[in-house]
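structure_11.txt (compact mmCIF, C-alpha atoms and all ligand atoms)
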# COMPACT_ATOMS: atom_id res chain seq x y z
CA MET A 78 169.72 14.14 61.81
CA VAL A 79 170.89 16.54 64.50
CA CYS A 80 173.13 19.43 63.56
CA ARG A 81 175.47 20.70 66.27
CA CYS A 82 177.05 24.09 66.27
CA VAL A 83 179.62 24.12 69.03
CA CYS A 84 181.07 27.45 70.07
CA ARG A 85 183.50 28.08 72.92
CA VAL A 86 182.82 24.56 74.08
CA HIS A 87 185.44 21.90 73.62
CA ILE A 88 183.36 18.94 72.71
CA THR A 89 184.11 17.19 69.50
CA SER A 90 182.36 13.85 69.70
CA ASP A 91 178.97 13.60 68.04
CA ASN A 92 178.07 10.58 70.11
CA PRO A 93 177.05 11.79 73.58
CA SER A 94 177.41 8.38 75.16
CA THR A 95 181.15 8.31 74.41
CA LYS A 96 181.92 11.61 76.16
CA MET A 97 183.93 11.61 79.35
CA ILE A 98 184.18 14.45 81.83
CA GLY A 99 187.41 16.12 80.74
CA ALA A 100 189.40 19.16 81.74
CA ASN A 101 187.28 21.29 79.45
CA GLU A 102 183.89 20.07 80.60
CA SER A 103 181.84 22.67 82.44
CA LEU A 104 180.57 22.02 85.96
CA VAL A 105 177.04 23.05 85.00
CA SER A 106 175.17 22.61 81.72
CA ILE A 107 171.97 24.60 81.43
CA VAL A 108 169.68 22.90 78.92
CA ILE A 109 167.10 25.18 77.28
CA PRO A 110 164.64 23.90 74.65
CA THR A 111 163.53 26.52 72.14
CA TYR A 112 160.80 26.82 69.60
CA ASN A 113 160.16 30.33 68.27
CA GLU A 114 161.93 32.16 71.09
CA LYS A 115 163.94 34.63 69.02
CA GLU A 116 163.13 37.61 71.26
CA ASN A 117 163.96 35.76 74.48
CA VAL A 118 167.38 34.33 73.63
CA VAL A 119 169.47 37.48 74.20
CA PRO A 120 167.90 38.44 77.57
CA ILE A 121 168.08 34.92 78.98
CA ILE A 122 171.75 34.57 78.03
CA HIS A 123 172.56 37.99 79.55
CA ASN A 124 170.63 37.18 82.73
CA LEU A 125 172.22 33.77 83.15
CA HIS A 126 175.69 35.13 82.45
CA SER A 127 175.41 37.74 85.17
CA VAL A 128 174.14 35.16 87.67
CA MET A 129 176.74 32.52 86.78
CA GLN A 130 179.86 34.74 86.77
CA LYS A 131 181.70 32.58 89.30
CA ILE A 132 180.53 29.21 88.03
CA ASN A 133 181.98 27.20 85.16
CA TYR A 134 178.85 26.81 83.06
CA ARG A 135 177.53 26.59 79.57
CA ILE A 136 174.11 26.88 78.01
CA ILE A 137 172.92 24.20 75.60
CA PHE A 138 170.03 25.36 73.45
CA VAL A 139 168.07 22.62 71.67
CA ASP A 140 166.18 24.27 68.85
CA ASP A 141 163.70 22.48 66.60
CA SER A 142 164.44 24.56 63.49
CA SER A 143 162.23 27.41 64.75
CA PRO A 144 160.75 29.24 61.75
CA ASP A 145 161.32 32.61 63.45
CA GLY A 146 165.10 32.27 63.18
CA THR A 147 165.85 31.59 66.87
CA ALA A 148 168.93 29.55 65.85
CA ALA A 149 170.56 32.49 64.07
CA VAL A 150 170.34 34.57 67.25
CA ILE A 151 171.79 31.72 69.32
CA ARG A 152 174.69 31.34 66.85
CA MET A 153 175.42 35.04 67.04
CA MET A 154 175.42 34.99 70.87
CA ALA A 155 177.69 31.92 70.84
CA ASN A 156 180.51 34.15 69.56
CA SER A 157 180.64 35.93 72.92
CA TYR A 158 179.11 33.58 75.49
CA PRO A 159 179.53 29.91 76.52
CA VAL A 160 176.65 28.79 74.37
CA GLU A 161 176.12 25.63 72.35
CA LEU A 162 173.36 24.98 69.84
CA ILE A 163 171.86 21.64 68.95
CA MET A 164 169.55 21.91 65.97
CA ARG A 165 166.90 19.31 65.24
CA PRO A 166 165.16 19.13 61.88
CA ARG A 167 161.58 19.71 63.03
CA LYS A 168 159.35 20.29 66.08
CA MET A 169 159.69 17.10 68.10
CA GLY A 170 158.49 18.12 71.57
CA LEU A 171 159.85 19.84 74.65
CA GLY A 172 160.66 16.68 76.63
CA SER A 173 162.59 15.05 73.84
CA ALA A 174 164.49 18.31 73.22
CA VAL A 175 165.56 18.34 76.88
CA ILE A 176 166.60 14.66 76.69
CA THR A 177 168.69 15.44 73.60
CA GLY A 178 170.40 18.28 75.49
CA VAL A 179 170.99 16.20 78.63
CA ASN A 180 172.44 13.32 76.59
CA SER A 181 174.80 15.68 74.84
CA THR A 182 176.68 16.72 77.97
CA SER A 183 178.76 15.04 80.62
CA SER A 184 178.66 17.98 83.04
CA PRO A 185 178.11 16.64 86.56
CA PHE A 186 175.35 19.22 87.23
CA ILE A 187 172.49 19.84 84.82
CA VAL A 188 169.83 22.56 84.95
CA VAL A 189 166.69 22.43 82.80
CA MET A 190 164.70 25.61 82.19
CA ASP A 191 162.53 27.37 79.62
CA ALA A 192 163.71 30.15 77.33
CA ASP A 193 160.85 32.55 77.92
CA LEU A 194 161.95 34.03 81.28
CA GLN A 195 159.00 32.54 83.15
CA HIS A 196 161.75 30.69 85.01
CA ASP A 197 163.78 33.19 87.02
CA PRO A 198 167.48 32.90 86.02
CA ASN A 199 168.46 34.24 89.46
CA LEU A 200 167.42 30.91 90.96
CA VAL A 201 169.97 28.93 88.96
CA SER A 202 172.94 29.77 91.19
CA ILE A 203 170.88 28.92 94.29
CA MET A 204 169.95 25.57 92.74
CA VAL A 205 173.60 24.86 91.92
CA GLU A 206 174.55 25.70 95.53
CA LYS A 207 172.01 23.13 96.75
CA LEU A 208 173.53 20.48 94.46
CA THR A 209 176.98 21.36 95.78
CA ALA A 210 175.60 21.05 99.33
CA GLY A 211 174.60 17.45 98.63
CA PHE A 212 171.10 17.48 97.16
CA ASP A 213 170.64 15.20 94.13
CA LEU A 214 167.64 16.98 92.66
CA VAL A 215 166.48 20.57 93.18
CA ILE A 216 163.07 21.70 91.95
CA ALA A 217 162.06 25.32 91.39
CA SER A 218 158.61 25.08 92.88
CA ARG A 219 155.53 27.19 92.36
CA LYS A 220 153.82 25.39 95.23
CA VAL A 221 156.08 25.83 98.26
CA GLN A 222 155.94 28.82 100.57
CA GLY A 223 157.19 31.88 98.70
CA GLY A 224 156.43 30.37 95.31
CA ARG A 225 153.43 31.27 93.13
CA VAL A 226 152.22 31.88 89.60
CA VAL A 227 151.56 35.34 88.26
CA GLY A 228 148.76 36.05 85.81
CA TRP A 229 147.02 32.67 85.62
CA SER A 230 143.23 32.54 85.40
CA PRO A 231 141.36 30.58 88.13
CA GLU A 232 140.61 27.88 85.50
CA ARG A 233 144.30 27.46 84.66
CA LYS A 234 145.10 27.16 88.39
CA ILE A 235 142.43 24.49 88.85
CA ILE A 236 143.78 22.49 85.89
CA SER A 237 147.32 22.75 87.29
CA ASP A 238 146.20 21.63 90.78
CA PHE A 239 144.24 18.73 89.31
CA ALA A 240 147.24 17.66 87.19
CA THR A 241 149.41 17.77 90.32
CA TYR A 242 146.84 15.67 92.18
CA LEU A 243 146.95 13.08 89.36
CA ALA A 244 150.76 13.09 89.43
CA HIS A 245 150.70 12.33 93.18
CA LEU A 246 148.12 9.62 92.66
CA PHE A 247 149.85 7.84 89.78
CA VAL A 248 153.52 8.31 90.72
CA PRO A 249 154.16 7.29 94.34
CA ARG A 250 157.74 8.60 94.32
CA ALA A 251 156.41 12.09 93.53
CA LYS A 252 154.01 12.03 96.49
CA ASN A 253 156.03 14.32 98.74
CA ILE A 254 156.97 16.77 96.03
CA LYS A 255 154.72 19.82 96.01
CA ASP A 256 155.41 20.75 92.39
CA PRO A 257 156.27 17.54 90.48
CA LEU A 258 155.20 19.19 87.21
CA SER A 259 157.68 22.05 87.28
CA GLY A 260 159.70 22.55 84.11
CA PHE A 261 162.57 24.16 86.03
CA PHE A 262 164.88 21.82 87.91
CA ALA A 263 168.52 20.91 88.49
CA PHE A 264 170.07 17.53 89.14
CA LYS A 265 173.28 15.56 89.39
CA ARG A 266 173.94 13.77 86.14
CA ASP A 267 174.66 10.60 88.09
CA ILE A 268 171.02 10.14 89.08
CA LEU A 269 170.23 9.19 85.47
CA ARG A 270 172.77 6.36 85.39
CA GLY A 271 171.18 3.52 83.40
CA VAL A 272 167.87 5.37 83.18
CA SER A 273 166.13 5.65 79.86
CA LEU A 274 163.95 8.76 79.51
CA GLU A 275 161.20 8.79 76.93
CA SER A 276 158.98 11.83 77.53
CA ARG A 277 158.12 13.89 74.51
CA GLY A 278 155.86 16.29 76.36
CA PHE A 279 156.21 19.01 78.97
CA LYS A 280 156.48 16.89 82.10
CA LEU A 281 159.94 15.36 82.03
CA LEU A 282 160.52 16.04 85.74
CA LEU A 283 157.75 13.57 86.61
CA GLU A 284 159.51 10.85 84.63
CA ILE A 285 162.79 11.66 86.40
CA LEU A 286 161.04 11.52 89.79
CA ALA A 287 159.61 8.11 88.89
CA LYS A 288 162.74 6.53 87.43
CA ALA A 289 165.96 8.21 88.60
CA HIS A 290 168.36 7.23 91.42
CA TYR A 291 168.12 10.10 93.88
CA LYS A 292 167.99 10.38 97.64
CA ARG A 293 167.99 14.03 98.61
CA VAL A 294 165.46 16.29 96.89
CA CYS A 295 164.50 19.85 97.76
CA GLU A 296 162.20 22.52 96.39
CA VAL A 297 163.10 26.19 96.20
CA PRO A 298 160.35 28.79 95.76
CA LEU A 299 159.73 29.99 92.21
CA VAL A 300 157.59 32.97 91.26
CA PHE A 301 156.44 31.78 87.84
CA ARG A 302 156.13 34.97 85.86
CA GLU A 303 154.15 35.73 82.75
CA ARG A 304 155.83 35.01 79.44
CA ARG A 305 157.98 37.97 78.43
CA THR A 306 157.22 37.74 74.71
CA GLY A 307 156.17 35.10 72.15
CA LYS A 308 153.48 32.45 72.56
CA SER A 309 152.98 29.36 74.75
CA LYS A 310 153.26 26.03 72.93
CA LEU A 311 151.08 24.26 75.49
CA ASN A 312 148.13 22.69 73.65
CA LEU A 313 145.57 19.88 73.94
CA ASN A 314 148.07 17.36 72.63
CA GLU A 315 150.23 18.06 75.71
CA TYR A 316 147.32 17.10 78.00
CA LEU A 317 146.99 13.82 76.12
CA LEU A 318 150.75 13.17 76.40
CA PHE A 319 150.46 13.87 80.14
CA ILE A 320 147.75 11.23 80.59
CA LEU A 321 149.84 8.70 78.63
CA LEU A 322 152.87 9.59 80.75
CA LEU A 323 150.91 9.02 83.98
CA ILE A 324 149.80 5.58 82.78
CA SER A 325 153.33 4.62 81.76
CA LEU A 326 154.82 5.76 85.10
CA ALA A 327 152.28 4.11 87.39
CA LYS A 328 154.38 0.93 87.58
CA TYR A 329 157.40 2.70 89.17
CA LYS A 330 157.24 2.38 92.96
N1 LIG A 401 162.95 22.37 71.04
C1 LIG A 401 161.66 22.50 71.41
N2 LIG A 401 161.31 23.39 72.37
C2 LIG A 401 160.00 23.50 72.70
C3 LIG A 401 158.98 22.74 72.08
N3 LIG A 401 157.77 23.08 72.63
C4 LIG A 401 158.05 24.04 73.55
N4 LIG A 401 159.39 24.30 73.58
C5 LIG A 401 160.12 25.23 74.47
O1 LIG A 401 159.86 24.80 75.79
C6 LIG A 401 159.76 25.89 76.69
C7 LIG A 401 158.37 25.87 77.37
O2 LIG A 401 157.35 26.08 76.43
P1 LIG A 401 156.15 27.08 76.68
O3 LIG A 401 155.44 27.20 75.39
O4 LIG A 401 156.68 28.35 77.28
O5 LIG A 401 155.27 26.31 77.72
P2 LIG A 401 154.38 26.92 78.93
O6 LIG A 401 155.33 27.72 79.79
O7 LIG A 401 153.85 25.71 79.63
O8 LIG A 401 153.35 27.77 78.28
C8 LIG A 401 160.01 27.14 75.84
O9 LIG A 401 161.38 27.49 75.94
C9 LIG A 401 159.65 26.66 74.42
O10 LIG A 401 160.29 27.39 73.41
C10 LIG A 401 159.37 21.79 71.07
O11 LIG A 401 158.57 21.08 70.47
N5 LIG A 401 160.71 21.73 70.77
MG MG A 402 156.48 29.24 79.08
Go ahead and express the file in the form of structure tokens.
Amino acid sequence: MVCRCVCRVHITSDNPSTKMIGANESLVSIVIPTYNEKENVVPIIHNLHSVMQKINYRIIFVDDSSPDGTAAVIRMMANSYPVELIMRPRKMGLGSAVITGVNSTSSPFIVVMDADLQHDPNLVSIMVEKLTAGFDLVIASRKVQGGRVVGWSPERKIISDFATYLAHLFVPRAKNIKDPLSGFFAFKRDILRGVSLESRGFKLLLEILAKAHYKRVCEVPLVFRERRTGKSKLNLNEYLLFILLLISLAKYK
């Protein structure tokens, strides 16, 4: 059961697959999964709104019934901003939350980002410009020149580099992408035509790189900041899901 609260967005169908791009559809849907992000919702909406002034956009939050009351804050903000809330009954994973959000919109451009401001909202308009210029997929990359992570321990960096190495090894189509494990990316909806996404975990981009129909990809530098407030939900289970994802994607050439 998924509960939808739709505010300032003219979508009435509950079945995403039946939606057509209509006069009221926004050019860009920004999909943000949330679990216990109460403190981050207001600043991310304000930041995105100031960056997206000239772009017809909306934000789709997919919240897994966060116990901290994140949904109530989103509902309140939806009175004044182009914000939509999809509520799911329990914690079901970041990847599946993003898939739910992506399936709920027919916007031609989709941006996926985290709620915690580790992903710089200022990059979103640059990523949309790249899509407009003809790129199919734009990745905010910690691993191209100008990109980096702030505040990670050497151990965390080694784990991240090793995971990236495994992604390159197992997923040939990701070979030329410096940061195939980024959680911040934008794409043309069309590239997912006929593609079935299954990831539950944190690495949905890798599945998109393996399966989607894209030609032009670019990476823009991301300075991955420290979490503003709240806690990371990355845990051992996510590492296991990553290994399973690698195995399942190895067959895509
Ligand atoms: N809906 C939903 N969102 C989640 C879930 N797990 C994590 N998130 C959100 O996904 C984003 C990334 O999670 P985070 O814990 O910051 O991961 P990290 O940056 O790798 O430490 C944040 O916006 C989280 O609130 C989940 O199970 N369901
Ligand atoms: Mg985070």
Contacts with ligand LIG 401 (chain A) at most 10 Å, all atoms listed in the file counted, listed as a PyMOL selection string: chain A and resi 108-115+117-118+138-143+147+163-175+177-178+189-196+259-261+277-280+301-312+315
For stretch 324-328 of chain A: contacts at 8 Å, all atoms listed in the file, fewer than 3 positions along chain excluded, given as a compact mmCIF listing (two decimals) with C-alpha atoms, keeping the file's coordinate frame:
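Saved as result_28.txt:
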# COMPACT_ATOMS: atom_id res chain seq x y z
CA PHE A 247 149.85 7.84 89.78
CA VAL A 248 153.52 8.31 90.72
CA PRO A 249 154.16 7.29 94.34
CA GLU A 284 159.51 10.85 84.63
CA ALA A 287 159.61 8.11 88.89
CA ILE A 320 147.75 11.23 80.59
CA LEU A 321 149.84 8.70 78.63
Gap from atom CA of A:Ile187 to atom CA of A:Asp238 - Å, one decimal: 27.0 Å
Sel. within 8 Å of pt (157.3, 23.0, 95.0), counting only C-alpha atoms, output as a list in words: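 Final list of nearby residues, as requested, is Ile216, Ala217, Ser218, Arg219, Lys220, Val221, Gly224, Ile254, Lys255, Asp256, Pro257, Ser259, Glu296, Val297, Pro298 and Leu299 of chain A.
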Residue nearest A:Pro120 among A:Ile151, A:Val188, A:Leu162, A:Cys295 (counting only C-alpha atoms): A:Ile151
Gap from atom CA of A:Ser202 to atom CA of A:Val150 - Å, one decimal: 24.6 Å
Nearest candidate to ligand MG 402 (chain A) (options A:Phe264, A:Thr182, A:Asn314, A:Val226; using all atoms listed in the file): A:Val226
Non-local contacts of A:Ile268 (7 Å; only C-alpha atoms; under 4 positions in same chain excluded) as a PyMOL selection string: chain A and resi 289-291
How big is the axis-aligned box around the listed atoms of stretch 255-271 of chain A once 3 Å is added on each side, and where is its centre? Give both in Å to one decimal, as AutoDock Vina command-line options.
--center_x 164.7 --center_y 13.8 --center_z 89.7 --size_x 25.9 --size_y 26.6 --size_z 18.6
A:Glu116, A:Ile285, A:Val105, A:Met129 ranked by distance to A:Asp145, top pick (using all atoms listed in the file):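 Selected residue with least distance to A:Asp145: A:Glu116.
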Interatomic distance, atom CA of A:Val215 to atom CA of A:Ser103 (Å, one decimal):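 If I compute the distance from atom CA of A:Val215 to atom CA of A:Ser103, I get 18.9 Å.
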Expected residue set, 10 Å radius at (176.7, 14.5, 89.4), only C-alpha atoms, as a ChimeraX atom specification: /A:104-105,183-187,208-209,211,213-214,264-270
Pick from A:Gly271, A:Gly228, A:Gly223, A:Pro159, whichever lies nearest to A:Gln130 using all atoms listed in the file: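 Of A:Gly271, A:Gly228, A:Gly223, A:Pro159, the one nearest A:Gln130, counting all atoms listed in the file, is A:Pro159.
With distances restricted to only C-alpha atoms, A:Ile137 is the closest residue to A:Ser181 from A:Ile137, A:Ile235, A:Leu322, A:Ala251.
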Closest of A:Asp197, A:His245, A:Tyr329, A:Leu274 to ligand MG 402 (chain A) - atom-to-atom distances counting all atoms listed in the file: A:Asp197
Since fewer atoms than expected are present, regenerate N, CA and C atoms for stretch 217-252 of chain A and write them as a short mmCIF file (atom, residue, chain, number, x, y, z; two decimals), in the coordinates of the input.
data_model
loop_
_atom_site.label_atom_id
_atom_site.label_comp_id
_atom_site.auth_asym_id
_atom_site.auth_seq_id
_atom_site.Cartn_x
_atom_site.Cartn_y
_atom_site.Cartn_z
N ALA A 217 162.59 23.97 91.22
CA ALA A 217 162.06 25.32 91.39
C ALA A 217 160.54 25.18 91.43
N SER A 218 159.98 25.50 92.59
CA SER A 218 158.61 25.08 92.88
C SER A 218 157.65 26.26 93.01
N ARG A 219 156.56 26.16 92.28
CA ARG A 219 155.53 27.19 92.36
C ARG A 219 154.64 26.96 93.56
N LYS A 220 154.82 25.80 94.24
CA LYS A 220 153.82 25.39 95.23
C LYS A 220 154.37 25.28 96.64
N VAL A 221 155.60 25.75 96.87
CA VAL A 221 156.08 25.83 98.26
C VAL A 221 155.93 27.29 98.72
N GLN A 222 156.09 27.47 100.03
CA GLN A 222 155.94 28.82 100.57
C GLN A 222 156.91 29.79 99.86
N GLY A 223 156.35 30.90 99.41
CA GLY A 223 157.19 31.88 98.70
C GLY A 223 157.10 31.73 97.19
N GLY A 224 156.60 30.59 96.74
CA GLY A 224 156.43 30.37 95.31
C GLY A 224 155.00 30.65 94.89
N ARG A 225 154.80 31.03 93.62
CA ARG A 225 153.43 31.27 93.13
C ARG A 225 153.48 31.47 91.63
N VAL A 226 152.27 31.54 91.03
CA VAL A 226 152.22 31.88 89.60
C VAL A 226 151.60 33.27 89.46
N VAL A 227 152.08 33.99 88.49
CA VAL A 227 151.56 35.34 88.26
C VAL A 227 150.75 35.31 86.96
N GLY A 228 149.52 35.83 87.03
CA GLY A 228 148.76 36.05 85.81
C GLY A 228 147.95 34.87 85.30
N TRP A 229 147.85 33.80 86.08
CA TRP A 229 147.02 32.67 85.62
C TRP A 229 145.55 32.91 85.98
N SER A 230 144.66 32.47 85.10
CA SER A 230 143.23 32.54 85.40
C SER A 230 142.90 31.48 86.45
N PRO A 231 141.76 31.62 87.17
CA PRO A 231 141.36 30.58 88.13
C PRO A 231 141.25 29.22 87.47
N GLU A 232 140.76 29.17 86.21
CA GLU A 232 140.61 27.88 85.50
C GLU A 232 141.99 27.22 85.31
N ARG A 233 142.96 28.02 84.90
CA ARG A 233 144.30 27.46 84.66
C ARG A 233 144.88 26.91 85.97
N LYS A 234 144.60 27.62 87.09
CA LYS A 234 145.10 27.16 88.39
C LYS A 234 144.45 25.83 88.78
N ILE A 235 143.14 25.73 88.51
CA ILE A 235 142.43 24.49 88.85
C ILE A 235 143.00 23.32 88.03
N ILE A 236 143.23 23.56 86.74
CA ILE A 236 143.78 22.49 85.89
C ILE A 236 145.16 22.07 86.42
N SER A 237 145.97 23.05 86.79
CA SER A 237 147.32 22.75 87.29
C SER A 237 147.24 21.95 88.60
N ASP A 238 146.33 22.36 89.51
CA ASP A 238 146.20 21.63 90.78
C ASP A 238 145.70 20.21 90.55
N PHE A 239 144.77 20.07 89.59
CA PHE A 239 144.24 18.73 89.31
C PHE A 239 145.34 17.84 88.70
N ALA A 240 146.14 18.43 87.79
CA ALA A 240 147.24 17.66 87.19
C ALA A 240 148.24 17.23 88.27
N THR A 241 148.49 18.11 89.23
CA THR A 241 149.41 17.77 90.32
C THR A 241 148.83 16.65 91.17
N TYR A 242 147.53 16.73 91.41
CA TYR A 242 146.84 15.67 92.18
C TYR A 242 146.99 14.31 91.46
N LEU A 243 146.80 14.32 90.13
CA LEU A 243 146.95 13.08 89.36
C LEU A 243 148.39 12.56 89.43
N ALA A 244 149.35 13.50 89.36
CA ALA A 244 150.76 13.09 89.43
C ALA A 244 151.04 12.40 90.76
N HIS A 245 150.50 12.95 91.86
CA HIS A 245 150.70 12.33 93.18
C HIS A 245 150.04 10.97 93.26
N LEU A 246 148.89 10.87 92.62
CA LEU A 246 148.12 9.62 92.66
C LEU A 246 148.81 8.50 91.86
N PHE A 247 149.31 8.86 90.67
CA PHE A 247 149.85 7.84 89.78
C PHE A 247 151.34 7.53 90.04
N VAL A 248 152.06 8.50 90.58
CA VAL A 248 153.52 8.31 90.72
C VAL A 248 153.89 8.41 92.20
N PRO A 249 153.92 7.27 92.89
CA PRO A 249 154.16 7.29 94.34
C PRO A 249 155.42 8.03 94.74
N ARG A 250 156.48 7.94 93.93
CA ARG A 250 157.74 8.60 94.32
C ARG A 250 157.63 10.13 94.25
N ALA A 251 156.56 10.63 93.63
CA ALA A 251 156.41 12.09 93.53
C ALA A 251 155.51 12.64 94.65
N LYS A 252 155.05 11.69 95.51
CA LYS A 252 154.01 12.03 96.49
C LYS A 252 154.36 13.21 97.40
#
